[in-house]
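Reviewing the structure listed below.
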Amino acid sequence: MSLAVLAQTHPRVIDWGIRLDRAPAAGWLALQAGALTPHWIWMARRMHDGSDDPLGLLALAALAVLVWCFRSELRPAPRLGWLAIATFGTLSAQLLRTGAGPLPSLPPLAAALVAVLAMACGLLAFLPRRVAGLPVALLAMLALPLLSSLQFYAGYPLRVITAEASRWLLMTGFSVAREGSSLLVDGQRVIVDAPCSGVQMAWFGYFTACVVALWSDRDGGSFLARLPAVGLMVLAGNIVRNSVLVALEAAGHAPPARLHDGFGLAVLAGVCGGIAWVMVTSAGGRRVDTAF
């Protein structure tokens, strides 16, 4: 049946379709957010009970600021490709959470990952085409309460890498040996503990990369090409911080807690500043619109 025949025989269907197509972006996004409420409740509980750092609130705030800045440019009709992915992702997140239907039940964090990515696709359906999708999706992932999980699964390997790199840097002035994630410096054992793994620094580094990329209107391909540099800068910054603090402690000049934390914040600021510079440099080209 053609649209002309449908308009003559069922005019109300056409009217409903037009109204649906012209529904405000806020209505669509509110409907999707409401459908994903169980995941938001789980995320809020995990942040509130102290099992994870609430850094995800910064990522949520950044996404809210992004939508607010483009509030006058939100598309009157969504891009159907992104909207279809958002709808499929929303349904999948609900099924994966409960294990209903053909999909298996996943841990809450994995199901919440599908939920936040679906929400990111919903945002991209209404945001202008020049807004790159990758930084938005990565910001949505950073909104998850995932630091404790990253620390559990990736913390020890990162501590071992940091300890080994620090060993090479300290060999010029000390007698250094590594045992697991600990260093034996001039006979004094120094443990590279969980805060020294660099997980939090990595979170702030990638958060900075996303925010600066969106601010500088960087396209998705260029953003993706710079992500390895972001990882290397985070790793290098963490190694430098750990090496300096271990050297001071081994030399008998261990700084007090305030100076220890202050030095860590200074290194973090330097790493984030370098990441921002990498993301801004050569940002002249405009992004190529996607087919969605």
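Chain labels A, B, ... are given in the sequence in which chains occur in the structure tokens; within each chain residues are numbered consecutively from 1, and ligands are likewise numbered from 1 in the order shown.
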
Which neighbours of segment 254-270 of chain A fall inside 9 Å, counting only C-alpha atoms, when residues of the same chain fewer than 4 positions from it are skipped, and could you give them as a count of residues only? 17

Using only C-alpha atoms, which residues sit within 8 Å of Ala125 of chain A once same-chain residues fewer than 2 positions away are excluded, as a list in words?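 Surrounding residues, per the criterion: Arg75, Pro78, Arg79, Leu80, Gly81, Trp82, Leu83, Cys121, Gly122, Leu123 and Leu127 of chain A.
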
Could the residues in this selection be saved with N, CA and C atoms as a PDB file, in the first residue's frame?
```pdb
ATOM      1  N   ARG A  75      18.051  18.059  16.849  1.00  0.00           N
ATOM      2  CA  ARG A  75      17.328  17.789  15.609  1.00  0.00           C
ATOM      3  C   ARG A  75      15.827  17.639  15.880  1.00  0.00           C
ATOM      4  N   PRO A  78      14.807  12.697  14.724  1.00  0.00           N
ATOM      5  CA  PRO A  78      16.036  11.956  15.045  1.00  0.00           C
ATOM      6  C   PRO A  78      16.610  11.254  13.824  1.00  0.00           C
ATOM      7  N   ARG A  79      17.904  11.009  13.878  1.00  0.00           N
ATOM      8  CA  ARG A  79      18.542  10.173  12.860  1.00  0.00           C
ATOM      9  C   ARG A  79      18.144   8.726  13.142  1.00  0.00           C
ATOM     10  N   LEU A  80      17.521   8.126  12.170  1.00  0.00           N
ATOM     11  CA  LEU A  80      16.882   6.829  12.396  1.00  0.00           C
ATOM     12  C   LEU A  80      17.879   5.722  12.706  1.00  0.00           C
ATOM     13  N   GLY A  81      19.090   5.808  12.142  1.00  0.00           N
ATOM     14  CA  GLY A  81      20.081   4.776  12.419  1.00  0.00           C
ATOM     15  C   GLY A  81      20.460   4.732  13.888  1.00  0.00           C
ATOM     16  N   TRP A  82      20.803   5.898  14.440  1.00  0.00           N
ATOM     17  CA  TRP A  82      21.141   5.965  15.859  1.00  0.00           C
ATOM     18  C   TRP A  82      19.942   5.615  16.728  1.00  0.00           C
ATOM     19  N   LEU A  83      18.758   6.061  16.311  1.00  0.00           N
ATOM     20  CA  LEU A  83      17.561   5.781  17.104  1.00  0.00           C
ATOM     21  C   LEU A  83      17.260   4.278  17.137  1.00  0.00           C
ATOM     22  N   CYS A 121      23.659   6.437  22.251  1.00  0.00           N
ATOM     23  CA  CYS A 121      23.114   6.402  20.881  1.00  0.00           C
ATOM     24  C   CYS A 121      21.837   7.232  20.787  1.00  0.00           C
ATOM     25  N   GLY A 122      21.020   7.207  21.859  1.00  0.00           N
ATOM     26  CA  GLY A 122      19.834   8.046  21.872  1.00  0.00           C
ATOM     27  C   GLY A 122      20.183   9.524  21.803  1.00  0.00           C
ATOM     28  N   LEU A 123      21.221   9.936  22.518  1.00  0.00           N
ATOM     29  CA  LEU A 123      21.672  11.330  22.453  1.00  0.00           C
ATOM     30  C   LEU A 123      22.160  11.677  21.053  1.00  0.00           C
ATOM     31  N   LEU A 127      21.577  14.921  18.574  1.00  0.00           N
ATOM     32  CA  LEU A 127      22.639  15.916  18.528  1.00  0.00           C
ATOM     33  C   LEU A 127      23.018  16.223  17.085  1.00  0.00           C
TER      34      LEU A 127
END
```

Quick one: of A:Val185, A:Leu169, A:Val192, A:Ala140, who's nearest to Tyr156 of chain A, counting only C-alpha atoms?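 Looking at the shortest contact to Tyr156 of chain A, the residue is A:Val192.
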
Contacts of Arg226 of chain A within 9 Å, only C-alpha atoms, excl. fewer than 6 positions in-chain, as a VMD selection string: chain A and resid 209 278 to 279

For the residues selected in the previous step, produce a file with N, CA and C atoms as a compact mmCIF listing (two decimals), in the first residue's frame.
```txt
# COMPACT_ATOMS: atom_id res chain seq x y z
N ALA A 209 40.29 13.64 27.64
CA ALA A 209 40.33 13.46 26.18
C ALA A 209 38.94 13.63 25.57
N VAL A 278 47.27 17.38 23.15
CA VAL A 278 47.24 16.41 22.06
C VAL A 278 45.90 16.45 21.34
N MET A 279 44.81 16.57 22.09
CA MET A 279 43.49 16.58 21.49
C MET A 279 43.20 17.86 20.70
```

Taking the chain letters and numbering used in this document, name the residues of segment 104-268 of chain A that DSSP puts in alpha helix (DSSP H), as number ranges by chain. A: 108-126, 133-142, 147-170, 199-215, 220-250, 257-268

Write a file of the selected residues as an mmCIF file, in the first residue's frame, keeping C-alpha atoms.
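This went into result_22.cif:
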```cif
data_model
loop_
_atom_site.group_PDB
_atom_site.id
_atom_site.type_symbol
_atom_site.label_atom_id
_atom_site.label_comp_id
_atom_site.auth_asym_id
_atom_site.auth_seq_id
_atom_site.Cartn_x
_atom_site.Cartn_y
_atom_site.Cartn_z
ATOM 1 C CA PRO A 108 24.819 -5.786 36.568
ATOM 2 C CA LEU A 109 27.889 -3.854 35.414
ATOM 3 C CA ALA A 110 27.878 -5.510 31.978
ATOM 4 C CA ALA A 111 24.159 -4.903 31.537
ATOM 5 C CA ALA A 112 24.607 -1.295 32.667
ATOM 6 C CA LEU A 113 27.330 -0.906 30.031
ATOM 7 C CA VAL A 114 24.805 -1.817 27.341
ATOM 8 C CA ALA A 115 22.359 0.632 28.934
ATOM 9 C CA VAL A 116 24.705 3.627 28.932
ATOM 10 C CA LEU A 117 25.817 2.919 25.363
ATOM 11 C CA ALA A 118 22.166 2.744 24.314
ATOM 12 C CA MET A 119 21.583 6.085 26.016
ATOM 13 C CA ALA A 120 24.585 7.544 24.210
ATOM 14 C CA CYS A 121 23.114 6.402 20.881
ATOM 15 C CA GLY A 122 19.834 8.046 21.872
ATOM 16 C CA LEU A 123 21.672 11.330 22.453
ATOM 17 C CA LEU A 124 23.501 11.039 19.134
ATOM 18 C CA ALA A 125 20.174 10.575 17.347
ATOM 19 C CA PHE A 126 19.268 14.171 18.247
ATOM 20 C CA GLY A 133 30.007 9.688 18.453
ATOM 21 C CA LEU A 134 33.117 8.074 19.987
ATOM 22 C CA PRO A 135 33.755 10.709 22.692
ATOM 23 C CA VAL A 136 30.069 10.664 23.633
ATOM 24 C CA ALA A 137 30.082 6.855 23.900
ATOM 25 C CA LEU A 138 33.306 6.845 25.937
ATOM 26 C CA LEU A 139 31.933 9.515 28.283
ATOM 27 C CA ALA A 140 28.861 7.344 28.799
ATOM 28 C CA MET A 141 31.115 4.404 29.675
ATOM 29 C CA LEU A 142 33.071 6.562 32.130
ATOM 30 C CA LEU A 147 36.806 1.904 39.021
ATOM 31 C CA SER A 148 36.673 -0.845 41.632
ATOM 32 C CA SER A 149 36.208 -3.474 38.910
ATOM 33 C CA LEU A 150 39.107 -2.041 36.896
ATOM 34 C CA GLN A 151 41.237 -2.039 40.039
ATOM 35 C CA PHE A 152 40.364 -5.685 40.669
ATOM 36 C CA TYR A 153 41.039 -6.970 37.148
ATOM 37 C CA ALA A 154 43.682 -4.547 35.812
ATOM 38 C CA GLY A 155 45.169 -3.053 38.962
ATOM 39 C CA TYR A 156 47.790 -5.724 39.651
ATOM 40 C CA PRO A 157 49.143 -5.952 36.069
ATOM 41 C CA LEU A 158 49.404 -2.145 35.977
ATOM 42 C CA ARG A 159 51.227 -2.146 39.316
ATOM 43 C CA VAL A 160 53.698 -4.724 38.018
ATOM 44 C CA ILE A 161 54.346 -2.676 34.873
ATOM 45 C CA THR A 162 54.783 0.472 36.944
ATOM 46 C CA ALA A 163 57.141 -1.274 39.371
ATOM 47 C CA GLU A 164 59.278 -2.720 36.557
ATOM 48 C CA ALA A 165 59.536 0.630 34.754
ATOM 49 C CA SER A 166 60.384 2.349 38.035
ATOM 50 C CA ARG A 167 63.079 -0.255 38.655
ATOM 51 C CA TRP A 168 64.789 0.683 35.399
ATOM 52 C CA LEU A 169 64.607 4.384 36.221
ATOM 53 C CA LEU A 170 65.931 3.923 39.764
ATOM 54 C CA VAL A 199 43.551 3.437 37.352
ATOM 55 C CA GLN A 200 42.204 6.759 38.591
ATOM 56 C CA MET A 201 44.730 8.676 36.522
ATOM 57 C CA ALA A 202 43.580 6.718 33.475
ATOM 58 C CA TRP A 203 39.960 7.655 34.226
ATOM 59 C CA PHE A 204 40.808 11.348 34.437
ATOM 60 C CA GLY A 205 42.981 11.099 31.338
ATOM 61 C CA TYR A 206 40.288 9.607 29.142
ATOM 62 C CA PHE A 207 37.693 11.936 30.644
ATOM 63 C CA THR A 208 39.879 14.897 29.665
ATOM 64 C CA ALA A 209 40.334 13.458 26.180
ATOM 65 C CA CYS A 210 36.568 13.140 25.656
ATOM 66 C CA VAL A 211 35.710 16.598 26.973
ATOM 67 C CA VAL A 212 38.441 18.375 24.997
ATOM 68 C CA ALA A 213 37.627 16.431 21.826
ATOM 69 C CA LEU A 214 33.978 17.477 22.047
ATOM 70 C CA TRP A 215 34.921 21.064 22.896
ATOM 71 C CA GLY A 220 35.680 10.471 15.603
ATOM 72 C CA GLY A 221 38.526 9.090 13.489
ATOM 73 C CA SER A 222 40.977 11.727 14.700
ATOM 74 C CA PHE A 223 39.872 11.138 18.289
ATOM 75 C CA LEU A 224 40.405 7.384 17.949
ATOM 76 C CA ALA A 225 43.868 7.907 16.451
ATOM 77 C CA ARG A 226 44.922 9.914 19.519
ATOM 78 C CA LEU A 227 43.695 7.449 22.138
ATOM 79 C CA PRO A 228 46.976 5.432 22.130
ATOM 80 C CA ALA A 229 48.840 8.642 22.958
ATOM 81 C CA VAL A 230 46.436 9.200 25.840
ATOM 82 C CA GLY A 231 47.218 5.752 27.246
ATOM 83 C CA LEU A 232 50.973 6.257 26.891
ATOM 84 C CA MET A 233 50.848 9.630 28.633
ATOM 85 C CA VAL A 234 48.855 8.183 31.519
ATOM 86 C CA LEU A 235 51.292 5.271 31.877
ATOM 87 C CA ALA A 236 54.333 7.574 31.695
ATOM 88 C CA GLY A 237 52.879 9.986 34.230
ATOM 89 C CA ASN A 238 52.115 7.186 36.665
ATOM 90 C CA ILE A 239 55.619 5.750 36.304
ATOM 91 C CA VAL A 240 57.228 9.151 36.927
ATOM 92 C CA ARG A 241 55.064 9.769 39.981
ATOM 93 C CA ASN A 242 55.824 6.342 41.425
ATOM 94 C CA SER A 243 59.558 6.559 40.693
ATOM 95 C CA VAL A 244 59.996 9.966 42.335
ATOM 96 C CA LEU A 245 58.076 8.969 45.454
ATOM 97 C CA VAL A 246 59.918 5.639 45.756
ATOM 98 C CA ALA A 247 63.275 7.393 45.321
ATOM 99 C CA LEU A 248 62.452 9.914 48.044
ATOM 100 C CA GLU A 249 61.316 7.166 50.403
ATOM 101 C CA ALA A 250 64.383 5.038 49.723
ATOM 102 C CA ALA A 257 50.999 12.887 53.310
ATOM 103 C CA ARG A 258 50.067 16.369 52.069
ATOM 104 C CA LEU A 259 53.142 16.718 49.883
ATOM 105 C CA HIS A 260 52.713 13.127 48.691
ATOM 106 C CA ASP A 261 49.152 13.858 47.584
ATOM 107 C CA GLY A 262 50.106 17.282 46.231
ATOM 108 C CA PHE A 263 52.818 15.803 44.025
ATOM 109 C CA GLY A 264 50.370 13.210 42.731
ATOM 110 C CA LEU A 265 47.857 15.936 41.871
ATOM 111 C CA ALA A 266 50.571 17.949 40.126
ATOM 112 C CA VAL A 267 51.515 14.963 37.963
ATOM 113 C CA LEU A 268 47.844 14.328 37.230
#
```

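Non-sequential neighbours of Ala44 of chain A (distance at most 12 Å, separation of 3 or more positions within a chain, only C-alpha atoms) are A:Thr37, A:Pro38, A:His39, A:Trp40, A:Ile41, A:Met47, A:His48, A:Asp49, A:Gly50, A:Ser51, A:Asp52, A:Asp53, A:Pro54, A:Leu55, A:Gly56, A:Leu57, A:Ala112, A:Ala143, A:Leu144, A:Pro145.
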
Point-to-point distance from atom CA of Arg129 of chain A to atom CA of Ala276 of chain A, Å rounded to tenths: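 Computing the Euclidean distance for atom CA of Arg129 of chain A and atom CA of Ala276 of chain A yields 22.7 Å.
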
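The space separating atom CA of Ser216 of chain A from atom CA of Gly198 of chain A comes to 26.4 Å.
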